[in-house]
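Asker: Questions regarding the structure given below will be posed in turn.
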Amino acid sequence: MFQKLIETLKASPKRIVFTEGTDPRILEASARLLSGTFLSPILVGNVEEVHKAAEEAGFNIRGAQILDPATYEGMDKMVEAMMELRKGKMTAEECRDALMKGNYFGTMLVKMGEADCLLGGATYSTADTVRPALQLIKTKPDNKIVSSCFIMVREGVGDNTVLAMGDCAINIKPTEDELVEIALETAKCAKIFGIAPKVAFLSYSTKGSGKGEDVDKMRNACAKAKAAAPDLAIDGEMQFDAAVSPKVGQLKFPGSTVAGYANTFIFPDINAGNIGYKIAQRLGNFDAYGPILLGLNAPINDLSRGCNAMEVYSMAIITAALA
């Protein structure tokens with residue numbers, strides 16, 4: 001999967017902002033990216049401190065662009081642009097103070113076209129990565145929420161198994177309409193990673209076998225998603241076994257083109273989604289890439305604070321592939 005993404009990026013190289021330029025994991029991933037020709041890292045931080053951290057950790061970051069908010073020549077212009085975006089909610093001084101922080105500064109670099117995408121969260125919380133994105137990048141015109149998905153990859157003999165799961169990280173209890181948006185954005189993301197999406201709306205019920213508000217929510221959301229995207233293979237509500245086992249799927253949901261063959265899974269809430277992807281990761285031997293933020297006007301992604309350098313490198317490629 002990654003080799004295909006790299007080949008695509010080689011044809012159209014991108015610039016990615018790392019908001020935590022002195023972090024050893026960021027520096028290791030940047031050094032690896034610099035050895036290629038498909039993705040240029042922009043490191044946010046004091047120039048001397050970044051170089052010192054790289055030297056102490058033994059990473060060659062020669063060729064990386066390092067931008068320090070404290071000395072950035074375009075700061076006045078950036079402050080003006082941020083004030084306009086915040087529309088009276090922040091003064092010039094408040095904007096300037098915010099832009100001294102890597103998360104806001106990096107996000108504005110993307111907003112102003114100085115970078116194509118951003119990856120943060122090695123030391124910032126998810127909220128500190130998502131908040132500037134919502135305030136400055138904002139959601140796409142047809143989107144009302146930011147959602148997320150994980151791309152799950154399991155190596156196999158020959159082809160790998162690649163799945164998409166959403167929303168496992170952002171929306172706690174999505175409504176029917178929010179589930180529709182999550183499903184459509186997750187399907188779009190799946191296509192970028194070579195998945196021909198077959199979208200299953202998951203539940204503890206299959207085709208009316210169970211009752212309850214949560215069942216109704218998934219059934220209704222599925223119907224709305226089908227109406228919104230008639231060209232997509234979408235079905236539900238269905239249990240997970242019906243979604244992935246052809247024998248069970250066709251027994252419980254006869255005639256469905258998705259049941260038994262699903263590769264894109266929409267969970268009813270964050271509890272189910274977060275537990276589900278972690279079960280696949282820990283017991284199913286899938287590698288989990290994400291959360292990939294969906295619905296924004298530009299690719300902004302969040303790292304786990306427990307990530308390693310390889311995860312940073314992989315997420316950088318994924319983020320750039322969305323640009």
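Scheme for the structure tokens: letters A, B, ... for chains in order shown; per-chain residue numbers from 1; ligand numbers from 1 in order shown.
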For stretch 93-148 of chain A versus stretch 6-23 of chain A, which residues have an atom no more than 10 Å away, and what is each residue's nearest atom pair and distance in Å rounded to one decimal, using only C-alpha atoms, chain-then-number order, as a Markdown table?
Answerer:
| residue | atom | partner | partner_atom | distance |
| --- | --- | --- | --- | --- |
| A:Lys101 | CA | A:Thr19 | CA | 8.6 |
| A:Gly102 | CA | A:Thr19 | CA | 4.9 |
| A:Asn103 | CA | A:Thr19 | CA | 5.6 |
| A:Tyr104 | CA | A:Thr19 | CA | 8.7 |
| A:Phe105 | CA | A:Thr19 | CA | 8.0 |
| A:Gly106 | CA | A:Thr19 | CA | 5.8 |
| A:Thr107 | CA | A:Val17 | CA | 8.2 |
| A:Leu109 | CA | A:Val17 | CA | 7.9 |
| A:Val110 | CA | A:Val17 | CA | 7.9 |
| A:Gly113 | CA | A:Arg15 | CA | 9.9 |
| A:Glu114 | CA | A:Arg15 | CA | 8.1 |
| A:Ala115 | CA | A:Arg15 | CA | 5.1 |
| A:Asp116 | CA | A:Arg15 | CA | 5.3 |
| A:Cys117 | CA | A:Ile16 | CA | 5.0 |
| A:Leu118 | CA | A:Val17 | CA | 4.6 |
| A:Leu119 | CA | A:Phe18 | CA | 5.3 |
| A:Gly120 | CA | A:Thr19 | CA | 5.4 |
| A:Gly121 | CA | A:Thr19 | CA | 7.9 |
| A:Ala122 | CA | A:Glu20 | CA | 7.0 |
| A:Thr123 | CA | A:Glu20 | CA | 7.3 |
| A:Tyr124 | CA | A:Glu20 | CA | 8.5 |
| A:Thr129 | CA | A:Thr19 | CA | 9.3 |
Asker: Fewer than 3 positions away in the same chain doesn't count, so skip those; otherwise give me all residues within 8 Å of A:Ile61, counting only C-alpha atoms, as number ranges by chain.
Answerer: A: 27, 30-31, 34, 51, 54, 64
Asker: Smallest atom-to-atom distance to A:Ile192: which of A:Ile279, A:Ile151, A:Ala169, A:Gln239, using only C-alpha atoms?
Answerer: A:Ile151
Asker: Name the residues in contact with A:Ile234 at a cut-off of 7 Å, using only C-alpha atoms, excluding same-chain residues fewer than 4 positions from it; report them as a VMD selection string.
Answerer: chain A and resid 198 to 200 226 258
Asker: Create the file for the chosen residues now, containing N, CA, C and O atoms and written as a CSV table (one decimal), in the first residue's frame.
Answerer:
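Written file, part.csv:
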chain,number,residue,atom,x,y,z
A,198,LYS,N,-17.0,-1.4,0.3
A,198,LYS,CA,-18.2,-2.0,0.5
A,198,LYS,C,-18.6,-1.7,2.0
A,198,LYS,O,-17.9,-2.2,2.9
A,199,VAL,N,-19.5,-0.8,2.2
A,199,VAL,CA,-19.7,-0.1,3.5
A,199,VAL,C,-20.8,-0.8,4.3
A,199,VAL,O,-22.0,-0.9,3.8
A,200,ALA,N,-20.5,-1.3,5.5
A,200,ALA,CA,-21.4,-1.9,6.4
A,200,ALA,C,-21.7,-1.0,7.6
A,200,ALA,O,-20.8,-0.6,8.3
A,226,LYS,N,-27.5,5.5,1.5
A,226,LYS,CA,-27.8,4.9,0.2
A,226,LYS,C,-28.4,6.0,-0.7
A,226,LYS,O,-28.0,6.1,-1.9
A,258,VAL,N,-23.1,-6.4,0.1
A,258,VAL,CA,-22.1,-6.0,1.1
A,258,VAL,C,-22.0,-7.1,2.1
A,258,VAL,O,-20.8,-7.4,2.5
Asker: Determine the nearest neighbour of A:Ile275 from the options A:Ser205, A:Cys168, A:Ala309, A:Gly212, counting only C-alpha atoms.
Answerer: A:Cys168
Asker: May I have a table of the residues of stretch 131-169 of chain A lying at most 10 Å from stretch 181-185 of chain A, giving each one's closest pair of atoms and their distance in Å to one decimal, counting only C-alpha atoms, ordered by chain and ascending residue number, as JSON lines?
Answerer:
{"residue": "A:Asp142", "atom": "CA", "partner": "A:Glu181", "partner_atom": "CA", "distance": 9.2}
{"residue": "A:Asn143", "atom": "CA", "partner": "A:Glu181", "partner_atom": "CA", "distance": 7.2}
{"residue": "A:Lys144", "atom": "CA", "partner": "A:Glu181", "partner_atom": "CA", "distance": 8.2}
{"residue": "A:Ile145", "atom": "CA", "partner": "A:Glu181", "partner_atom": "CA", "distance": 7.9}
{"residue": "A:Val146", "atom": "CA", "partner": "A:Ile182", "partner_atom": "CA", "distance": 8.5}
{"residue": "A:Ser147", "atom": "CA", "partner": "A:Ile182", "partner_atom": "CA", "distance": 6.1}
{"residue": "A:Ser148", "atom": "CA", "partner": "A:Ile182", "partner_atom": "CA", "distance": 7.5}
{"residue": "A:Cys149", "atom": "CA", "partner": "A:Ile182", "partner_atom": "CA", "distance": 8.4}
{"residue": "A:Met165", "atom": "CA", "partner": "A:Ala183", "partner_atom": "CA", "distance": 9.3}
{"residue": "A:Gly166", "atom": "CA", "partner": "A:Ile182", "partner_atom": "CA", "distance": 6.7}
{"residue": "A:Asp167", "atom": "CA", "partner": "A:Ile182", "partner_atom": "CA", "distance": 6.6}
Asker: Just C-alpha atoms for this one: save the residues we selected as a compact mmCIF listing (two decimals), in the first residue's frame.
Answerer:
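As written to disk, out-v8.txt reads:
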# COMPACT_ATOMS: atom_id res chain seq x y z
CA ASP A 142 -20.66 20.05 2.32
CA ASN A 143 -19.44 18.85 5.71
CA LYS A 144 -20.77 19.80 9.12
CA ILE A 145 -18.39 17.75 11.26
CA VAL A 146 -14.82 16.51 11.43
CA SER A 147 -14.72 12.74 11.70
CA SER A 148 -12.02 10.10 11.50
CA CYS A 149 -11.16 6.67 10.25
CA MET A 165 -13.05 1.77 10.08
CA GLY A 166 -14.87 4.91 11.18
CA ASP A 167 -15.43 6.82 13.40
Asker: If you run DSSP on this backbone, which residues of stretch 10-220 of chain A come out as alpha helix (DSSP H), and could you give them as a ChimeraX atom specification?
Answerer: /A:10-11,24-34,47-57,75-86,92-99,102-111,126-132,176-192,213-220
Asker: From stretch 4-232 of chain A, collect each residue whose DSSP state is strand (DSSP E or B) and return the set as an MDAnalysis selection string.
Answerer: chainID A and resid 14:18 39:44 65:67 117:120 139 147:154 161:166 198:202
Asker: Skip stretch 281-290 of chain A itself and residues of its chain fewer than 2 positions away, then list as a VMD selection string all residues within 12 Å of it, counting only C-alpha atoms.
Answerer: chain A and resid 1 to 2 119 to 121 126 147 to 156 160 to 170 189 193 274 to 279 292 to 294 300 to 304 307 310 to 319
Asker: Have a look at A:Gln135, A:Glu55, A:Lys224, A:Ile42 and name the one nearest to A:Leu85; count only C-alpha atoms.
Answerer: A:Gln135
Asker: Nearest to A:Arg219: which of A:Ala242, A:Ala190, A:Ala81, A:Ile266 is it, counting only C-alpha atoms?
Answerer: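 Among A:Ala242, A:Ala190, A:Ala81, A:Ile266, it is A:Ile266 that comes nearest to A:Arg219.
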Asker: What's the separation between atom CA of A:Gly208 and atom CA of A:Glu237, in Å to one decimal place?
Answerer: 7.7 Å
Asker: Give the answer as one residue: which of A:Ala57, A:Ala323, A:Ala298, A:Met112 has the shortest atom-to-atom distance to A:Lys138, using only C-alpha atoms?
Answerer: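 Closest to A:Lys138 of all the choices is A:Ala298.
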Asker: Restricting the calculation to only C-alpha atoms: of A:Gln250, A:Thr186, A:Thr91, A:Gln65, which residue gets closest to A:Gly295?
Answerer: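 Selected residue with least distance to A:Gly295: A:Thr186.
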Asker: What's around A:Val244 at 6 Å? Count only C-alpha atoms, leave out sequence neighbours fewer than 5 positions away in its own chain, and write the answer as a list in words.
Answerer: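 So, after excluding close chain neighbours, the residues are Gly260, Tyr261 and Ala262 of chain A.
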Asker: Using N, CA, C and O atoms, can you export the residues from the last selection as an mmCIF file, in the first residue's frame?
Answerer:
data_model
loop_
_atom_site.group_PDB
_atom_site.id
_atom_site.type_symbol
_atom_site.label_atom_id
_atom_site.label_comp_id
_atom_site.auth_asym_id
_atom_site.auth_seq_id
_atom_site.Cartn_x
_atom_site.Cartn_y
_atom_site.Cartn_z
ATOM 1 N N GLY A 260 -21.087 -10.057 4.150
ATOM 2 C CA GLY A 260 -20.095 -11.097 3.919
ATOM 3 C C GLY A 260 -18.844 -10.616 3.230
ATOM 4 O O GLY A 260 -17.824 -11.307 3.233
ATOM 5 N N TYR A 261 -18.909 -9.413 2.643
ATOM 6 C CA TYR A 261 -17.785 -8.914 1.846
ATOM 7 C C TYR A 261 -17.385 -7.486 2.227
ATOM 8 O O TYR A 261 -16.626 -6.836 1.516
ATOM 9 N N ALA A 262 -17.861 -6.999 3.356
ATOM 10 C CA ALA A 262 -17.609 -5.611 3.751
ATOM 11 C C ALA A 262 -16.121 -5.381 4.017
ATOM 12 O O ALA A 262 -15.416 -6.249 4.526
#
Asker: Rounded to one decimal, what separation in Å do you get between atom CA of A:Ala98 and atom CA of A:Ala320?
Answerer: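 Going from atom CA of A:Ala98 over to atom CA of A:Ala320, I get 25.1 Å.
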Asker: Give me the residues within 8 Å of A:Phe240 as a list in words, counting only C-alpha atoms and dropping any in the same chain fewer than 3 places off.
Answerer: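 Selected residues are Leu202, Ser203, Ala243 and Val244 of chain A.
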Asker: For N, CA and C atoms, I'd like the residues from the last selection saved as a compact mmCIF listing (two decimals), in the first residue's frame.
Answerer:
# COMPACT_ATOMS: atom_id res chain seq x y z
N LEU A 202 -22.73 -1.08 11.11
CA LEU A 202 -22.70 -2.16 12.10
C LEU A 202 -23.66 -1.93 13.25
N SER A 203 -24.14 -3.06 13.79
CA SER A 203 -25.09 -3.02 14.88
C SER A 203 -25.06 -4.37 15.60
N ALA A 243 -21.26 -9.07 8.35
CA ALA A 243 -20.53 -8.16 7.47
C ALA A 243 -19.32 -8.82 6.82
N VAL A 244 -18.68 -9.77 7.53
CA VAL A 244 -17.39 -10.29 7.04
C VAL A 244 -17.42 -11.76 6.62
Asker: Find the residues around A:Met83 up to 12 Å (only C-alpha atoms counted), leave out those fewer than 2 positions away in its own chain, and share them as a ChimeraX atom specification.
Answerer: /A:76-81,85-96,98-99,108,135-136
